[in-house]
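*Asks:* Below is the file target-v6.tsv, which contains TSV, C-alpha atoms.
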```
chain	number	residue	atom	x	y	z
A	1311	MET	CA	-2.09	-46.92	6.26
A	1312	LYS	CA	0.39	-44.18	5.59
A	1313	ASP	CA	-0.04	-44.71	1.90
A	1314	LEU	CA	-3.81	-44.58	2.18
A	1315	SER	CA	-3.84	-41.29	4.10
A	1316	GLU	CA	-1.41	-39.81	1.60
A	1317	THR	CA	-3.68	-40.82	-1.24
A	1318	VAL	CA	-6.69	-39.30	0.49
A	1319	THR	CA	-4.75	-36.07	1.07
A	1320	ASP	CA	-3.76	-36.00	-2.59
A	1321	ILE	CA	-7.34	-36.46	-3.74
A	1322	VAL	CA	-8.72	-33.79	-1.40
A	1323	SER	CA	-6.01	-31.35	-2.41
A	1324	ALA	CA	-6.57	-32.01	-6.12
A	1325	VAL	CA	-10.32	-31.49	-5.82
A	1326	LEU	CA	-9.86	-28.25	-3.89
A	1327	LEU	CA	-7.26	-26.92	-6.33
A	1328	LEU	CA	-9.36	-27.72	-9.38
A	1329	THR	CA	-12.50	-26.22	-7.86
A	1330	GLY	CA	-10.58	-23.09	-6.94
A	1331	ALA	CA	-9.21	-22.77	-10.46
A	1332	VAL	CA	-12.69	-23.17	-11.92
A	1333	PHE	CA	-14.05	-20.46	-9.61
A	1334	CYS	CA	-11.18	-18.16	-10.60
A	1335	LEU	CA	-11.99	-18.78	-14.25
A	1336	LEU	CA	-15.68	-18.02	-13.69
A	1337	GLY	CA	-14.77	-14.82	-11.86
A	1338	ALA	CA	-12.54	-13.76	-14.74
A	1339	LEU	CA	-15.32	-14.52	-17.20
A	1340	GLY	CA	-17.71	-12.35	-15.21
A	1341	LEU	CA	-15.10	-9.64	-15.05
A	1342	LEU	CA	-14.89	-9.70	-18.83
A	1343	ARG	CA	-18.58	-9.99	-19.64
A	1344	PHE	CA	-20.51	-7.93	-17.11
A	1345	PRO	CA	-21.83	-4.54	-18.20
A	1346	ASP	CA	-20.62	-1.97	-15.68
A	1347	THR	CA	-18.00	-1.48	-13.00
A	1348	VAL	CA	-20.08	-2.54	-10.04
A	1349	SER	CA	-21.15	-5.79	-11.70
A	1350	ARG	CA	-17.54	-6.54	-12.56
A	1351	LEU	CA	-16.59	-5.79	-8.99
A	1352	HIS	CA	-19.29	-8.23	-7.89
A	1353	ALA	CA	-17.86	-11.03	-10.03
A	1354	SER	CA	-14.29	-10.30	-9.08
A	1355	SER	CA	-14.87	-9.80	-5.39
A	1356	LYS	CA	-16.90	-12.94	-4.72
A	1357	ALA	CA	-16.05	-15.66	-7.21
A	1358	GLN	CA	-12.39	-14.77	-7.32
A	1359	THR	CA	-12.06	-14.65	-3.54
A	1360	LEU	CA	-13.78	-18.00	-3.22
A	1361	GLY	CA	-11.43	-19.47	-5.80
A	1362	VAL	CA	-8.36	-18.14	-4.00
A	1363	LEU	CA	-9.64	-19.47	-0.69
A	1364	LEU	CA	-10.21	-22.93	-2.16
A	1365	ALA	CA	-6.75	-22.93	-3.74
A	1366	LEU	CA	-5.18	-21.89	-0.43
A	1367	LEU	CA	-7.05	-24.66	1.35
A	1368	GLY	CA	-5.98	-27.18	-1.26
A	1369	ALA	CA	-2.37	-26.17	-0.76
A	1370	ALA	CA	-2.74	-26.16	3.02
A	1371	VAL	CA	-3.83	-29.79	3.24
A	1372	HIS	CA	-0.80	-30.83	1.25
A	1373	VAL	CA	2.16	-29.13	2.96
A	1374	PRO	CA	3.62	-29.56	6.50
A	1375	LEU	CA	1.90	-27.94	9.42
A	1376	PRO	CA	3.70	-24.55	9.85
A	1377	TYR	CA	3.28	-23.76	6.17
A	1378	ALA	CA	-0.33	-24.83	6.37
A	1379	GLY	CA	-0.82	-22.34	9.20
A	1380	LEU	CA	0.70	-19.59	7.10
A	1381	LEU	CA	-1.55	-20.47	4.18
A	1382	LEU	CA	-4.64	-20.42	6.39
A	1383	LEU	CA	-3.48	-17.03	7.69
A	1384	THR	CA	-3.32	-15.80	4.11
A	1385	GLY	CA	-6.87	-17.01	3.60
A	1386	LEU	CA	-7.93	-15.12	6.71
A	1387	PHE	CA	-6.31	-11.97	5.31
A	1388	GLN	CA	-8.25	-12.48	2.10
A	1389	LEU	CA	-11.48	-12.75	4.06
A	1390	PHE	CA	-10.69	-9.51	5.87
A	1391	THR	CA	-9.46	-7.47	2.94
A	1392	ALA	CA	-11.80	-8.43	0.10
A	1393	PRO	CA	-14.89	-6.70	1.60
A	1394	VAL	CA	-12.87	-3.57	2.35
A	1395	THR	CA	-11.63	-3.31	-1.22
A	1396	GLY	CA	-15.09	-4.03	-2.56
A	1397	GLN	CA	-16.64	-1.33	-0.44
A	1398	VAL	CA	-14.06	1.31	-1.35
A	1399	VAL	CA	-14.19	0.57	-5.07
A	1400	GLY	CA	-17.98	0.42	-5.06
A	1401	ARG	CA	-18.27	3.72	-3.24
A	1402	VAL	CA	-15.90	5.44	-5.65
A	1403	ALA	CA	-17.73	3.84	-8.57
A	1404	TYR	CA	-21.06	5.16	-7.36
A	1405	ARG	CA	-19.72	8.63	-6.74
A	1406	THR	CA	-18.00	8.90	-10.09
A	1407	GLY	CA	-21.08	7.73	-11.96
A	1408	ALA	CA	-19.79	4.31	-13.03
A	1409	VAL	CA	-23.08	2.60	-12.18
A	1410	ASP	CA	-25.48	1.68	-14.96
A	1411	HIS	CA	-28.72	2.70	-13.33
A	1412	ARG	CA	-30.83	0.70	-15.75
A	1413	THR	CA	-29.53	-2.52	-14.21
A	1414	LEU	CA	-30.64	-1.62	-10.69
A	1415	PHE	CA	-33.95	-2.62	-9.18
A	1416	THR	CA	-33.63	-0.03	-6.45
A	1417	ASP	CA	-31.11	2.57	-5.39
A	1418	GLU	CA	-31.12	3.31	-1.70
A	1419	LEU	CA	-28.35	5.89	-1.92
A	1420	VAL	CA	-30.14	8.28	-4.20
A	1421	GLY	CA	-30.73	11.06	-1.70
A	1422	GLN	CA	-27.62	10.48	0.35
A	1423	LEU	CA	-24.64	9.74	-1.84
A	1424	ALA	CA	-25.49	11.06	-5.23
A	1425	PRO	CA	-22.98	11.02	-8.07
A	1426	PRO	CA	-21.77	14.47	-9.07
A	1427	ASN	CA	-22.77	13.92	-12.69
A	1428	PRO	CA	-26.01	11.97	-12.97
A	1429	PRO	CA	-26.04	9.73	-16.04
A	1430	ASP	CA	-28.92	10.68	-18.28
A	1431	THR	CA	-31.94	11.19	-16.11
A	1432	GLU	CA	-32.12	14.95	-16.31
A	1433	ASN	CA	-35.59	15.30	-17.69
A	1434	GLY	CA	-36.98	17.49	-15.00
A	1435	ASP	CA	-40.17	15.67	-14.07
A	1436	ASP	CA	-39.21	14.22	-10.76
A	1437	ASP	CA	-42.21	12.49	-9.33
A	1438	GLY	CA	-42.41	13.49	-5.74
A	1439	ASN	CA	-39.32	11.72	-4.50
A	1440	GLY	CA	-37.15	14.75	-4.68
A	1441	ASP	CA	-36.79	14.93	-0.96
A	1442	GLY	CA	-34.96	18.01	0.06
A	1443	ASP	CA	-33.18	16.57	3.00
A	1444	ASP	CA	-29.71	15.75	1.92
A	1445	ASP	CA	-28.49	15.57	5.48
A	1446	GLY	CA	-27.30	12.00	5.40
A	1447	ASN	CA	-23.94	12.83	3.92
A	1448	GLY	CA	-22.40	15.18	6.36
A	1449	ASP	CA	-19.26	13.16	6.71
A	1450	GLY	CA	-17.05	15.92	5.58
A	1451	ASP	CA	-15.06	14.25	2.88
A	1452	ASP	CA	-17.47	14.33	0.00
A	1453	ASP	CA	-16.65	17.02	-2.43
A	1454	GLY	CA	-19.29	18.46	-4.64
A	1455	ASN	CA	-22.12	16.04	-4.18
A	1456	GLY	CA	-24.02	17.69	-1.39
A	1457	SER	CA	-27.08	18.44	-3.46
A	1458	GLY	CA	-28.37	15.04	-4.30
A	1459	ALA	CA	-32.03	15.90	-4.18
A	1460	GLY	CA	-34.41	16.28	-7.04
A	1461	ARG	CA	-33.13	13.71	-9.48
A	1462	GLY	CA	-35.85	11.96	-11.38
A	1463	ARG	CA	-35.83	8.29	-10.41
A	1464	GLU	CA	-38.86	6.80	-12.09
A	1465	ARG	CA	-37.46	3.66	-13.63
B	477	MET	CA	-0.83	-34.70	-8.82
B	478	SER	CA	1.29	-33.18	-11.53
B	479	ALA	CA	-1.43	-33.61	-14.14
B	480	VAL	CA	-3.91	-31.92	-11.79
B	481	ALA	CA	-1.47	-29.05	-11.34
B	482	VAL	CA	-1.08	-28.67	-15.10
B	483	VAL	CA	-4.85	-28.58	-15.60
B	484	ALA	CA	-5.33	-26.06	-12.78
B	485	LEU	CA	-2.55	-23.86	-14.10
B	486	ALA	CA	-4.09	-24.01	-17.58
B	487	LEU	CA	-7.45	-22.87	-16.20
B	488	LEU	CA	-5.74	-20.07	-14.29
B	489	SER	CA	-3.87	-19.02	-17.42
B	490	VAL	CA	-7.07	-18.76	-19.41
B	491	ALA	CA	-8.56	-16.70	-16.58
B	492	GLY	CA	-5.49	-14.47	-16.64
B	493	MET	CA	-5.93	-13.84	-20.35
B	494	LEU	CA	-9.57	-12.85	-19.84
B	495	VAL	CA	-8.58	-10.51	-17.01
B	496	LEU	CA	-5.85	-9.07	-19.22
B	497	VAL	CA	-8.40	-8.22	-21.91
B	498	ARG	CA	-10.45	-6.32	-19.35
B	499	LEU	CA	-7.29	-4.68	-18.06
B	500	VAL	CA	-6.29	-3.42	-21.49
B	501	HIS	CA	-9.59	-1.90	-22.53
B	502	GLY	CA	-11.52	-1.28	-19.39
B	503	PRO	CA	-13.29	1.96	-20.13
B	504	ARG	CA	-12.65	3.45	-16.71
B	505	ALA	CA	-9.72	3.42	-14.37
B	506	LEU	CA	-11.81	1.61	-11.76
B	507	ASP	CA	-12.25	-1.31	-14.14
B	508	ARG	CA	-8.51	-1.52	-14.45
B	509	ILE	CA	-8.13	-1.48	-10.68
B	510	VAL	CA	-10.63	-4.31	-10.32
B	511	ALA	CA	-8.84	-6.24	-13.06
B	512	LEU	CA	-5.46	-5.73	-11.40
B	513	GLU	CA	-6.79	-7.01	-8.11
B	514	ALA	CA	-8.19	-10.04	-9.87
B	515	MET	CA	-4.80	-10.57	-11.50
B	516	VAL	CA	-3.08	-10.53	-8.11
B	517	SER	CA	-5.62	-13.09	-6.88
B	518	LEU	CA	-4.87	-15.26	-9.88
B	519	VAL	CA	-1.15	-15.10	-9.18
B	520	VAL	CA	-1.80	-16.11	-5.57
B	521	ALA	CA	-3.93	-19.04	-6.71
B	522	GLY	CA	-1.29	-20.14	-9.19
B	523	ALA	CA	1.40	-20.01	-6.52
B	524	CYS	CA	-0.87	-22.14	-4.32
B	525	VAL	CA	-1.06	-24.72	-7.07
B	526	GLY	CA	2.72	-24.66	-7.34
B	527	VAL	CA	3.14	-25.03	-3.58
B	528	ALA	CA	0.73	-27.94	-3.45
B	529	ALA	CA	1.99	-29.80	-6.48
B	530	TRP	CA	5.75	-29.54	-6.14
B	531	GLU	CA	6.06	-28.97	-2.37
B	532	TYR	CA	7.83	-25.69	-3.04
B	533	THR	CA	7.33	-24.11	0.38
B	534	PRO	CA	9.53	-20.99	-0.10
B	535	PHE	CA	6.59	-19.51	-2.00
B	536	VAL	CA	4.42	-19.36	1.12
B	537	PRO	CA	5.69	-16.00	2.48
B	538	VAL	CA	5.46	-14.65	-1.06
B	539	LEU	CA	1.76	-15.49	-0.97
B	540	ILE	CA	1.20	-13.44	2.18
B	541	VAL	CA	3.12	-10.47	0.82
B	542	LEU	CA	1.30	-10.61	-2.51
B	543	SER	CA	-2.17	-10.71	-1.00
B	544	LEU	CA	-1.47	-7.81	1.37
B	545	LEU	CA	0.14	-5.75	-1.38
B	546	GLY	CA	-2.81	-6.36	-3.66
B	547	PHE	CA	-5.20	-5.17	-0.97
B	548	ILE	CA	-3.23	-2.03	-0.14
B	549	GLY	CA	-2.60	-1.17	-3.77
B	550	SER	CA	-6.16	-1.47	-4.99
B	551	THR	CA	-7.64	0.30	-1.98
B	552	VAL	CA	-5.24	3.24	-2.19
B	553	ALA	CA	-5.66	3.52	-5.95
B	554	ALA	CA	-9.45	3.56	-5.62
B	555	ARG	CA	-9.26	6.27	-2.95
B	556	LEU	CA	-6.94	8.31	-5.15
B	557	ILE	CA	-9.31	8.06	-8.08
B	558	GLY	CA	-12.13	9.17	-5.82
B	559	GLU	CA	-10.17	12.23	-4.76
B	560	ARG	CA	-8.78	13.42	-8.07
B	561	GLU	CA	-11.03	14.03	-11.02
B	562	ASP	CA	-8.32	14.07	-13.68
B	563	LEU	CA	-7.57	10.38	-13.14
B	564	ARG	CA	-11.01	9.08	-13.97
```
Would you mind writing the file's structure down as structure tokens?
*Replies:*
Amino acid sequence: MKDLSETVTDIVSAVLLLTGAVFCLLGALGLLRFPDTVSRLHASSKAQTLGVLLALLGAAVHVPLPYAGLLLLTGLFQLFTAPVTGQVVGRVAYRTGAVDHRTLFTDELVGQLAPPNPPDTENGDDDGNGDGDDDGNGDGDDDGNGSGAGRGRER
Amino acid sequence: MSAVAVVALALLSVAGMLVLVRLVHGPRALDRIVALEAMVSLVVAGACVGVAAWEYTPFVPVLIVLSLLGFIGSTVAARLIGEREDLR
């Protein structure tokens, strides 16, 4: 019976470790292949985090109980910190113009958190969506992007 | 179990090489930050494989420290790049 449970634990741990490694590899592939910073952040922040969580779980079912608790705590830290990093990097990427706007279906931040140097859409014929109220960004810490109105967003 | 660990470590090594390519010629500094965070995650996953395969439990506190350092480092670096224009 002891031998059987050990075998089952080995199999579960091996499956979890291999799945986690495959997810890490897919995340790295997306990080290499995707076109702009936000897409790469997407691949890295989701697939990679899932891979690390699966690897932590696969290690946690295989070690004694206090170490398993520490590994699960590490997984909990990953779940807390990965969205924070993703949000900060994505915000800085948007504000520094690292977003390829041709890959977006919609852009809900266009009047509120505009990049200081818009990419290549300065052709002057903004079609009615140049709303002059840029009052959604009064959070004090944005430097030089307070005038996000009047950018032509027709594509 | 050892063969599984070797296969998982091989997959993680290939992933590390791909991340290293992005790290070397990411066109922006933010790409390099994202790649560095992914590299820290890969190191954590590899240490998990080592812990599980060879029962090497002294690596477990190293895992916690590495994940927290990766979080703090990438977040602070991204904030710094957002503040200073000469680093972009």
*Asks:* Could you check the closest approach to chain B for each of A:Glu1418, A:His1411, A:Arg1401, A:Ala1331 and tell me which residue wins, using all atoms listed in the file?
*Replies:*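 Among the listed residues, the smallest separation from chain B belongs to A:Ala1331.
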*Asks:* For a quick check of understanding, using all atoms listed in the file, which of A:Thr1395, A:Ser1349, A:Ser1355, A:Gln1388 has the smallest distance to A:Leu1414?
*Replies:*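 Smallest separation from A:Leu1414 among the options: A:Ser1349.
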*Asks:* Find the residues near B:Phe535: any atom within 9 Å, counting only C-alpha atoms, skip ones fewer than 2 places away on the same chain, and give them as a PDB file with C-alpha atoms, keeping the file's coordinate frame.
*Replies:*
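What ended up in around-v7.pdb:
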```
ATOM      1  CA  ALA B 523       1.400 -20.010  -6.520  1.00  0.00           C
ATOM      2  CA  CYS B 524      -0.870 -22.140  -4.320  1.00  0.00           C
ATOM      3  CA  GLY B 526       2.720 -24.660  -7.340  1.00  0.00           C
ATOM      4  CA  VAL B 527       3.140 -25.030  -3.580  1.00  0.00           C
ATOM      5  CA  TYR B 532       7.830 -25.690  -3.040  1.00  0.00           C
ATOM      6  CA  THR B 533       7.330 -24.110   0.380  1.00  0.00           C
ATOM      7  CA  PRO B 537       5.690 -16.000   2.480  1.00  0.00           C
ATOM      8  CA  VAL B 538       5.460 -14.650  -1.060  1.00  0.00           C
ATOM      9  CA  LEU B 539       1.760 -15.490  -0.970  1.00  0.00           C
TER      10      LEU B 539
END
```
*Asks:* Which one is closest to chain B: A:Thr1319, A:Asp1313, A:Phe1344, A:Ala1403? Count all atoms listed in the file.
*Replies:* A:Ala1403
*Asks:* Which distance in Å separates atom CA of A:Phe1333 and atom CA of A:Arg1412, to one decimal?
*Replies:* 27.7 Å
*Asks:* Can you work out which one of A:Val1332, A:Ile1321, A:Ala1369, A:Ala1378 has the shortest atom-to-atom distance to B:Val520, counting only C-alpha atoms?
*Replies:*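 Of A:Val1332, A:Ile1321, A:Ala1369, A:Ala1378, the one nearest B:Val520, counting only C-alpha atoms, is A:Ala1369.
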